[in-house]
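Before any comments, here is the structure.
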Amino acid sequence: MLTKELYEYARRRAIGYLDNAGIVITEDEKKNIQVAEYNMDDIENVGLELVVYVNTERCCAKELVLFPGQTCPEHRHPAVNGQPGKEETFRCRAGLVYLYVDGEPNGEPQRQGLGKHAEYLRAAHEIILRPGEQYTLAPDTPHWFRAGAEGAVVSEFSTTSTDGNDIFADPRIQRAPVIG
């Protein structure tokens, strides 16, 4: 469970990462930063913090903040109501991002310190994103990503986001946070 104290800590820390990356957000956006820890009680290793700028029936734009080594678990964006799943482009703004997608393994995925989570990180084709680099994922592509040692800020541009329909490889994950 995400405590109010941990939520506030992660929110403030994310604001610092955005500031350091030179990304300006409004006071309302600062207050509404989402902390996704997936009810895993391991926010330093699993989760991300995000700002949603816009999410319409046609497009979505977000900032994603990952603390050092923090990992967004493997998931995919399936078709919803006959519409294709979300297509998304990740553009690294600060730090280093290890993105893993389905495909031929091309190295050893960055699973250090992920213990009980590692078995659910199956996609093994590694794409390393540095500031200014980007990668576009096709709908329904299994993927996961992890920040390097300094953390990372990533801009996400996509078709409509229906995150509540994401399918995670780890059956223990709960999308909506429980704050207590």
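FYI, nothing fancy with the structure tokens labels: chains A, B, ... in order, residues from 1 per chain, ligands from 1 as they appear.
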Identify, on the basis of only C-alpha atoms, every residue whose closest approach to region 120-133 of chain A does not exceed 6 Å; exclude the query and any residue fewer than 5 positions from it along the same chain; express the result as a short mmCIF file (atom, residue, chain, number, x, y, z; two decimals) with C-alpha atoms, in the first residue's frame.
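So the final result, stored in result.cif, reads:
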data_model
loop_
_atom_site.label_atom_id
_atom_site.label_comp_id
_atom_site.auth_asym_id
_atom_site.auth_seq_id
_atom_site.Cartn_x
_atom_site.Cartn_y
_atom_site.Cartn_z
CA GLU A 74 6.40 -5.48 -18.25
CA ARG A 91 11.66 10.32 -25.82
CA CYS A 92 14.38 10.46 -23.21
CA ARG A 93 14.80 13.96 -21.75
CA ALA A 94 17.30 13.26 -18.96
CA LEU A 96 19.42 6.88 -19.27
CA VAL A 97 16.54 4.51 -20.02
CA TYR A 98 16.80 0.79 -20.70
CA LEU A 99 13.75 -0.17 -22.76
CA TYR A 100 13.01 -3.84 -23.37
CA VAL A 101 10.67 -5.10 -26.08
CA ASP A 102 9.81 -8.46 -27.55
CA GLY A 103 12.42 -9.61 -30.02
CA GLU A 104 15.79 -11.25 -30.28
CA PRO A 105 17.73 -10.85 -27.01
CA ASN A 106 20.78 -8.67 -27.58
CA ALA A 169 3.02 -9.92 -17.06
CA ASP A 170 3.07 -9.98 -13.24
#
Which of chain A DSSP labels alpha helix (DSSP H), written as a PyMOL selection string: chain A and resi 4-20+27-31
Restricted to N, CA and C atoms, what would the selected residues look like written as a short mmCIF file (atom, residue, chain, number, x, y, z; two decimals), in the first residue's frame?
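And here's out_25.cif as it stands now:
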data_model
loop_
_atom_site.label_atom_id
_atom_site.label_comp_id
_atom_site.auth_asym_id
_atom_site.auth_seq_id
_atom_site.Cartn_x
_atom_site.Cartn_y
_atom_site.Cartn_z
N LYS A 4 0.40 7.90 2.51
CA LYS A 4 0.35 9.31 2.13
C LYS A 4 1.74 9.92 2.19
N GLU A 5 2.53 9.51 3.17
CA GLU A 5 3.89 10.03 3.30
C GLU A 5 4.76 9.61 2.12
N LEU A 6 4.65 8.35 1.72
CA LEU A 6 5.44 7.86 0.59
C LEU A 6 4.99 8.51 -0.71
N TYR A 7 3.69 8.68 -0.87
CA TYR A 7 3.17 9.37 -2.05
C TYR A 7 3.75 10.78 -2.13
N GLU A 8 3.71 11.50 -1.02
CA GLU A 8 4.20 12.88 -1.01
C GLU A 8 5.70 12.93 -1.27
N TYR A 9 6.43 12.00 -0.68
CA TYR A 9 7.87 11.92 -0.92
C TYR A 9 8.16 11.70 -2.40
N ALA A 10 7.48 10.76 -3.03
CA ALA A 10 7.70 10.45 -4.45
C ALA A 10 7.29 11.63 -5.32
N ARG A 11 6.19 12.27 -4.98
CA ARG A 11 5.71 13.42 -5.76
C ARG A 11 6.74 14.55 -5.72
N ARG A 12 7.22 14.89 -4.55
CA ARG A 12 8.21 15.97 -4.42
C ARG A 12 9.53 15.61 -5.11
N ARG A 13 9.92 14.37 -4.97
CA ARG A 13 11.16 13.92 -5.62
C ARG A 13 11.02 14.01 -7.14
N ALA A 14 9.86 13.64 -7.66
CA ALA A 14 9.61 13.72 -9.11
C ALA A 14 9.69 15.17 -9.59
N ILE A 15 9.17 16.10 -8.80
CA ILE A 15 9.24 17.52 -9.16
C ILE A 15 10.70 17.94 -9.29
N GLY A 16 11.55 17.46 -8.40
CA GLY A 16 12.98 17.77 -8.48
C GLY A 16 13.61 17.25 -9.77
N TYR A 17 13.25 16.03 -10.17
CA TYR A 17 13.78 15.47 -11.41
C TYR A 17 13.32 16.29 -12.62
N LEU A 18 12.04 16.69 -12.63
CA LEU A 18 11.53 17.50 -13.73
C LEU A 18 12.24 18.85 -13.78
N ASP A 19 12.41 19.47 -12.60
CA ASP A 19 13.13 20.75 -12.54
C ASP A 19 14.54 20.61 -13.08
N ASN A 20 15.24 19.57 -12.65
CA ASN A 20 16.63 19.36 -13.11
C ASN A 20 16.71 19.11 -14.61
N GLU A 27 1.62 24.58 -11.20
CA GLU A 27 1.37 24.20 -9.80
C GLU A 27 0.30 23.11 -9.73
N ASP A 28 -0.74 23.22 -10.56
CA ASP A 28 -1.78 22.18 -10.57
C ASP A 28 -1.19 20.84 -11.00
N GLU A 29 -0.33 20.85 -12.01
CA GLU A 29 0.30 19.60 -12.44
C GLU A 29 1.18 19.02 -11.35
N LYS A 30 1.87 19.87 -10.62
CA LYS A 30 2.69 19.40 -9.50
C LYS A 30 1.83 18.71 -8.44
N LYS A 31 0.67 19.30 -8.16
CA LYS A 31 -0.24 18.73 -7.15
C LYS A 31 -0.84 17.40 -7.61
#
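Across A:Pro84, A:Gly95, A:Pro139, A:Gly148, the tightest approach to Gln70 (chain A) is made by A:Gly148 when counting only C-alpha atoms.
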Set the distance at 12 Å and use only C-alpha atoms: which residues neighbour Pro171 (chain A) once local chain neighbours fewer than 4 positions away are removed? I'd like the list as a ChimeraX atom specification. /A:38-40,73-75,117,119-120,166-167,175
One decimal, Å: what's the distance from CA of Val35 (chain A) over to CA of Ile179 (chain A), could you say? 10.0 Å
I need the residue nearest Thr136 (chain A) from this list: A:Glu108, A:Leu48, A:Val154, A:Glu88. Use only C-alpha atoms for the distance. A:Glu88
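Neighbouring residues of Ala149 (chain A) at 7 Å or closer, counting only C-alpha atoms and skipping chain neighbours under 2 positions away, are A:Pro68, A:Gly69, A:Ala147, A:Gly151.
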Show me, as a ChimeraX atom specification, the residues that have an atom within 8 Å of Tyr53 (chain A) when counting only C-alpha atoms, minus same-chain residues fewer than 5 positions from it. /A:60-63
Taking the chain letters and numbering used in this document, name the residues of region 32-145 of chain A that DSSP puts in strand (DSSP E or B), as a ChimeraX atom specification. /A:34-36,46,48-55,60-66,71-76,80,83,88-101,125-129,134-137,143-145
Residues from the last selection, C-alpha atoms, saved as a PDB file, in the first residue's frame:
ATOM      1  CA  GLN A  34       0.537  10.368 -10.202  1.00  0.00           C
ATOM      2  CA  VAL A  35       2.624   7.858  -8.296  1.00  0.00           C
ATOM      3  CA  ALA A  36       2.304   4.382  -9.785  1.00  0.00           C
ATOM      4  CA  VAL A  46       9.096  -0.880  -9.194  1.00  0.00           C
ATOM      5  CA  LEU A  48       7.101   5.466 -11.882  1.00  0.00           C
ATOM      6  CA  GLU A  49       5.799   8.964 -11.369  1.00  0.00           C
ATOM      7  CA  LEU A  50       3.881  10.755 -14.093  1.00  0.00           C
ATOM      8  CA  VAL A  51       2.290  13.974 -15.233  1.00  0.00           C
ATOM      9  CA  VAL A  52      -0.530  13.688 -17.751  1.00  0.00           C
ATOM     10  CA  TYR A  53      -0.766  16.807 -19.911  1.00  0.00           C
ATOM     11  CA  VAL A  54      -3.554  15.637 -22.177  1.00  0.00           C
ATOM     12  CA  ASN A  55      -5.460  12.436 -22.881  1.00  0.00           C
ATOM     13  CA  CYS A  60      -2.034  11.579 -25.090  1.00  0.00           C
ATOM     14  CA  ALA A  61       1.086  13.324 -23.752  1.00  0.00           C
ATOM     15  CA  LYS A  62       2.836  12.613 -20.438  1.00  0.00           C
ATOM     16  CA  GLU A  63       6.081  13.080 -18.569  1.00  0.00           C
ATOM     17  CA  LEU A  64       7.385   9.959 -16.853  1.00  0.00           C
ATOM     18  CA  VAL A  65       9.881  10.167 -14.000  1.00  0.00           C
ATOM     19  CA  LEU A  66      11.896   7.148 -12.933  1.00  0.00           C
ATOM     20  CA  THR A  71      11.362  -0.058 -13.278  1.00  0.00           C
ATOM     21  CA  CYS A  72       8.008   0.136 -15.005  1.00  0.00           C
ATOM     22  CA  PRO A  73       6.913  -3.528 -15.071  1.00  0.00           C
ATOM     23  CA  GLU A  74       6.396  -5.483 -18.253  1.00  0.00           C
ATOM     24  CA  HIS A  75       3.036  -4.806 -19.842  1.00  0.00           C
ATOM     25  CA  ARG A  76       1.292  -4.322 -23.155  1.00  0.00           C
ATOM     26  CA  VAL A  80      -9.964  -1.937 -26.559  1.00  0.00           C
ATOM     27  CA  GLN A  83      -9.728  -0.096 -31.443  1.00  0.00           C
ATOM     28  CA  GLU A  88       3.507   5.204 -27.886  1.00  0.00           C
ATOM     29  CA  THR A  89       6.747   7.033 -28.411  1.00  0.00           C
ATOM     30  CA  PHE A  90       9.215   7.408 -25.556  1.00  0.00           C
ATOM     31  CA  ARG A  91      11.659  10.322 -25.821  1.00  0.00           C
ATOM     32  CA  CYS A  92      14.381  10.464 -23.206  1.00  0.00           C
ATOM     33  CA  ARG A  93      14.802  13.958 -21.749  1.00  0.00           C
ATOM     34  CA  ALA A  94      17.302  13.256 -18.956  1.00  0.00           C
ATOM     35  CA  GLY A  95      19.231  10.276 -17.651  1.00  0.00           C
ATOM     36  CA  LEU A  96      19.420   6.882 -19.273  1.00  0.00           C
ATOM     37  CA  VAL A  97      16.536   4.508 -20.016  1.00  0.00           C
ATOM     38  CA  TYR A  98      16.804   0.789 -20.698  1.00  0.00           C
ATOM     39  CA  LEU A  99      13.752  -0.166 -22.762  1.00  0.00           C
ATOM     40  CA  TYR A 100      13.009  -3.836 -23.374  1.00  0.00           C
ATOM     41  CA  VAL A 101      10.672  -5.096 -26.075  1.00  0.00           C
ATOM     42  CA  HIS A 125      15.514  -6.956 -26.771  1.00  0.00           C
ATOM     43  CA  GLU A 126      17.287  -3.938 -25.272  1.00  0.00           C
ATOM     44  CA  ILE A 127      17.056  -0.398 -26.585  1.00  0.00           C
ATOM     45  CA  ILE A 128      19.077   2.212 -24.678  1.00  0.00           C
ATOM     46  CA  LEU A 129      17.686   5.731 -24.805  1.00  0.00           C
ATOM     47  CA  GLN A 134      13.343   8.142 -28.862  1.00  0.00           C
ATOM     48  CA  TYR A 135      11.643   4.890 -29.737  1.00  0.00           C
ATOM     49  CA  THR A 136       8.100   4.128 -30.907  1.00  0.00           C
ATOM     50  CA  LEU A 137       6.253   1.018 -29.755  1.00  0.00           C
ATOM     51  CA  HIS A 143       7.646  -3.960 -22.993  1.00  0.00           C
ATOM     52  CA  TRP A 144       9.218  -2.755 -19.777  1.00  0.00           C
ATOM     53  CA  PHE A 145      11.718  -0.046 -18.980  1.00  0.00           C
TER      54      PHE A 145
END
Nearby residues (only C-alpha atoms) at most 6 Å from Thr160 (chain A), same-chain spacing under 6 positions excluded, as a count of residues only: 4
Skipping near chain neighbours, those fewer than 2 positions away, what residues fall within 8 Å of Asp140 (chain A) using only C-alpha atoms, listed as a list in words?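 My reading of the contact set: Arg76, His77, Pro78, Ala79, Gly85, Lys86, Ala138 and Pro142 of chain A.
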